[in-house]
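Peer 1: Here you go, one structure.
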Amino acid sequence: MSFCRIHRVYSNGIGNMAEENIIMDNGYEDIEKVEGTVDVEGKSKQTLAILALIIGILALVCCCFKYVQLIFGIAAVVLGILSIKNGETDGKAMAIIGIVCGGLGILLGVLGMIIGAALVAAFKGASDILGFSSDELGDILNNL
Amino acid sequence: MKKRLGEVDDVFYKLCIAALAAIAAAVLLYLCTGFSILSIKYPCFFYYATGLYCPGCGGVRSVKALLRGDLWQSFIDYPPTLYFIVVFGIFTVKCFLRRHGKWEFKAKKDGAVLPYIYAGIGLIIVQWIIKLVAQIGFGYTWIR
């Protein structure tokens, strides 16, 4: 009596996977389906969309860091657009939300920089007009 | 036998495991050297530039309150902290059991965690708007 067990993995290259255990006993094949395999027939890869979502969330909450938010925001928007262009239809919602969050992060980052620069310029202008140094003017304002 | 997760679930599961590893490393660092990562001050660039709260403001205070055991203060400081800890905690345990355990869960569509993530993003934005309205409209200092 001969017995052997063959494990085959089928893939068509776009994410379809199936596994089979083929048990041969005396020349007769008995195919046993392996439990737990995930059949992802018809699903496109969603890597870019997932990355866009994650980086978009980071862009939204990382307002604390000056340039990090802008970098994350731009990355999220670019990845989201690339995901939609590549035809990742299953991850379209993720890509869109990643683009929205990234865009909001860019907006807040730019707003912070513009307002911050304007305040610094106004502060420096005021200290020049009044004849104080920036540190002295800061102390006066703190004591008010 | 290790079972395979869907693409979206697999990415978020690995992120959760990486986050748990980072937390374990931080705890180990504190136990060995007494240095706490939470003791580093993180001044918010957006708040210092504009005087307004950003969508991430209160996150570190929320985590510190949670570590002190003050759940209410943690929720008040930054509600998404508790929400994401609960959601991703349950998600990680379920994925771990599905991958390594003997229990069979009802077959779920890949990306079942996504609606909860979208709700979390909505929570981040809603709590940010509430804080801004309280700060600008009523002069209330939300984060002390």
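A note on labels: chains of the structure tokens are A, B, ... as shown, every chain counts residues from 1, and ligands are counted from 1 in their shown order.
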Can you build me a table of chain A residues sitting at most 6 Å from chain B, with the closest atom pair per residue and its distance in Å to one decimal, using only C-alpha atoms, sorted by chain and residue number, as JSON lines?

Peer 2:
```
{"residue": "A:Gly36", "atom": "CA", "partner": "B:Lys3", "partner_atom": "CA", "distance": 5.1}
{"residue": "A:Val61", "atom": "CA", "partner": "B:Gly56", "partner_atom": "CA", "distance": 4.2}
{"residue": "A:Cys63", "atom": "CA", "partner": "B:Phe46", "partner_atom": "CA", "distance": 6.0}
{"residue": "A:Cys64", "atom": "CA", "partner": "B:Cys44", "partner_atom": "CA", "distance": 3.9}
{"residue": "A:Phe65", "atom": "CA", "partner": "B:Phe45", "partner_atom": "CA", "distance": 5.9}
{"residue": "A:Lys66", "atom": "CA", "partner": "B:Phe45", "partner_atom": "CA", "distance": 5.9}
{"residue": "A:Gly112", "atom": "CA", "partner": "B:Phe46", "partner_atom": "CA", "distance": 5.3}
{"residue": "A:Gly116", "atom": "CA", "partner": "B:Ala49", "partner_atom": "CA", "distance": 4.4}
```

Peer 1: Please produce a file of the residues just selected, as a PDB file, in the first residue's frame, where the atoms kept are N, CA and C atoms.

Peer 2:
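Now in again-v3.pdb:
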```pdb
ATOM      1  N   GLY A  36      -9.391  27.093   6.215  1.00  0.00           N
ATOM      2  CA  GLY A  36      -8.843  28.397   6.568  1.00  0.00           C
ATOM      3  C   GLY A  36      -8.218  29.146   5.418  1.00  0.00           C
ATOM      4  N   VAL A  61      -3.635  64.017  12.963  1.00  0.00           N
ATOM      5  CA  VAL A  61      -3.348  64.130  14.400  1.00  0.00           C
ATOM      6  C   VAL A  61      -1.937  64.621  14.696  1.00  0.00           C
ATOM      7  N   CYS A  63      -0.481  67.449  14.079  1.00  0.00           N
ATOM      8  CA  CYS A  63      -0.349  68.887  13.901  1.00  0.00           C
ATOM      9  C   CYS A  63       0.738  69.446  14.823  1.00  0.00           C
ATOM     10  N   CYS A  64       1.131  68.660  15.815  1.00  0.00           N
ATOM     11  CA  CYS A  64       2.107  69.135  16.792  1.00  0.00           C
ATOM     12  C   CYS A  64       3.479  69.367  16.161  1.00  0.00           C
ATOM     13  N   PHE A  65       3.776  68.631  15.116  1.00  0.00           N
ATOM     14  CA  PHE A  65       5.100  68.696  14.530  1.00  0.00           C
ATOM     15  C   PHE A  65       5.059  69.491  13.243  1.00  0.00           C
ATOM     16  N   LYS A  66       6.008  70.432  13.126  1.00  0.00           N
ATOM     17  CA  LYS A  66       5.914  71.475  12.101  1.00  0.00           C
ATOM     18  C   LYS A  66       5.824  70.949  10.680  1.00  0.00           C
ATOM     19  N   GLY A 112      -1.040  77.129   9.872  1.00  0.00           N
ATOM     20  CA  GLY A 112      -0.183  77.346  11.049  1.00  0.00           C
ATOM     21  C   GLY A 112       1.078  78.098  10.678  1.00  0.00           C
ATOM     22  N   GLY A 116       1.746  81.794  11.927  1.00  0.00           N
ATOM     23  CA  GLY A 116       2.948  81.878  12.763  1.00  0.00           C
ATOM     24  C   GLY A 116       3.944  82.879  12.203  1.00  0.00           C
TER      25      GLY A 116
END
```

Peer 1: Need the shell around Ile99 in chain A: protein/DNA/RNA residues with any atom at most 6 Å away, counting only C-alpha atoms. Skip same-chain ones fewer than 3 positions apart. Format as a ChimeraX atom specification?

Peer 2: /A:76-77,80,96,102-103

Peer 1: As a CSV table (one decimal) with N, CA and C atoms, in the first residue's frame, please: the residues near Val93 in chain B (cut-off 12 Å, only C-alpha atoms, same-chain neighbours under 5 positions excluded).

Peer 2:
```csv
chain,number,residue,atom,x,y,z
B,13,TYR,N,-3.8,44.4,11.5
B,13,TYR,CA,-3.3,43.5,12.5
B,13,TYR,C,-1.9,43.6,12.8
B,16,CYS,N,-1.2,46.8,14.7
B,16,CYS,CA,-1.6,46.7,16.1
B,16,CYS,C,-0.5,45.9,16.8
B,17,ILE,N,0.1,44.9,16.2
B,17,ILE,CA,1.2,44.1,16.9
B,17,ILE,C,2.4,45.0,17.0
B,20,LEU,N,1.8,47.4,19.9
B,20,LEU,CA,2.0,46.6,21.2
B,20,LEU,C,3.4,46.4,21.5
B,85,ILE,N,-8.4,52.5,21.5
B,85,ILE,CA,-7.9,51.4,22.3
B,85,ILE,C,-8.9,50.2,22.4
B,86,VAL,N,-10.1,50.5,22.6
B,86,VAL,CA,-11.2,49.5,22.7
B,86,VAL,C,-11.3,48.8,21.4
B,87,VAL,N,-11.5,49.6,20.3
B,87,VAL,CA,-11.7,49.0,19.0
B,87,VAL,C,-10.5,48.1,18.5
B,88,PHE,N,-9.3,48.7,18.6
B,88,PHE,CA,-8.2,47.9,18.1
B,88,PHE,C,-7.8,46.8,19.1
B,98,ARG,N,-8.4,34.2,15.3
B,98,ARG,CA,-8.7,33.7,14.0
B,98,ARG,C,-7.5,33.0,13.3
B,99,ARG,N,-6.3,33.7,13.5
B,99,ARG,CA,-5.1,33.2,12.9
B,99,ARG,C,-4.6,31.9,13.6
B,100,HIS,N,-4.5,32.0,14.9
B,100,HIS,CA,-3.8,30.9,15.6
B,100,HIS,C,-4.7,30.0,16.4
B,101,GLY,N,-6.0,30.4,16.6
B,101,GLY,CA,-6.8,29.7,17.5
B,101,GLY,C,-7.6,28.6,16.8
```

Peer 1: How far is it from CA of Leu38 in chain B to CA of Pro80 in chain B, in Å with one decimal?

Peer 2: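 Between CA of Leu38 in chain B and CA of Pro80 in chain B the gap is 18.1 Å.
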
Peer 1: When you look at Ala49 in chain A with a cut-off of 7 Å (counting only C-alpha atoms), what residues show up, excluding the ones that are within fewer than 6 positions of it in the same chain? I need them as a VMD selection string.

Peer 2: chain A and resid 79 to 80 83 91 to 92 94 to 95

Peer 1: What does the distance from CA of Lys124 in chain A to CA of Leu111 in chain A come to in Å, to one decimal?

Peer 2: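 That distance, rounded to one decimal, is 19.8 Å.
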
Peer 1: In Å, with one decimal, what is the gap from CA of Ile76 in chain B to CA of Gly58 in chain B?

Peer 2: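 Computing it gives 8.9 Å between the two atoms.
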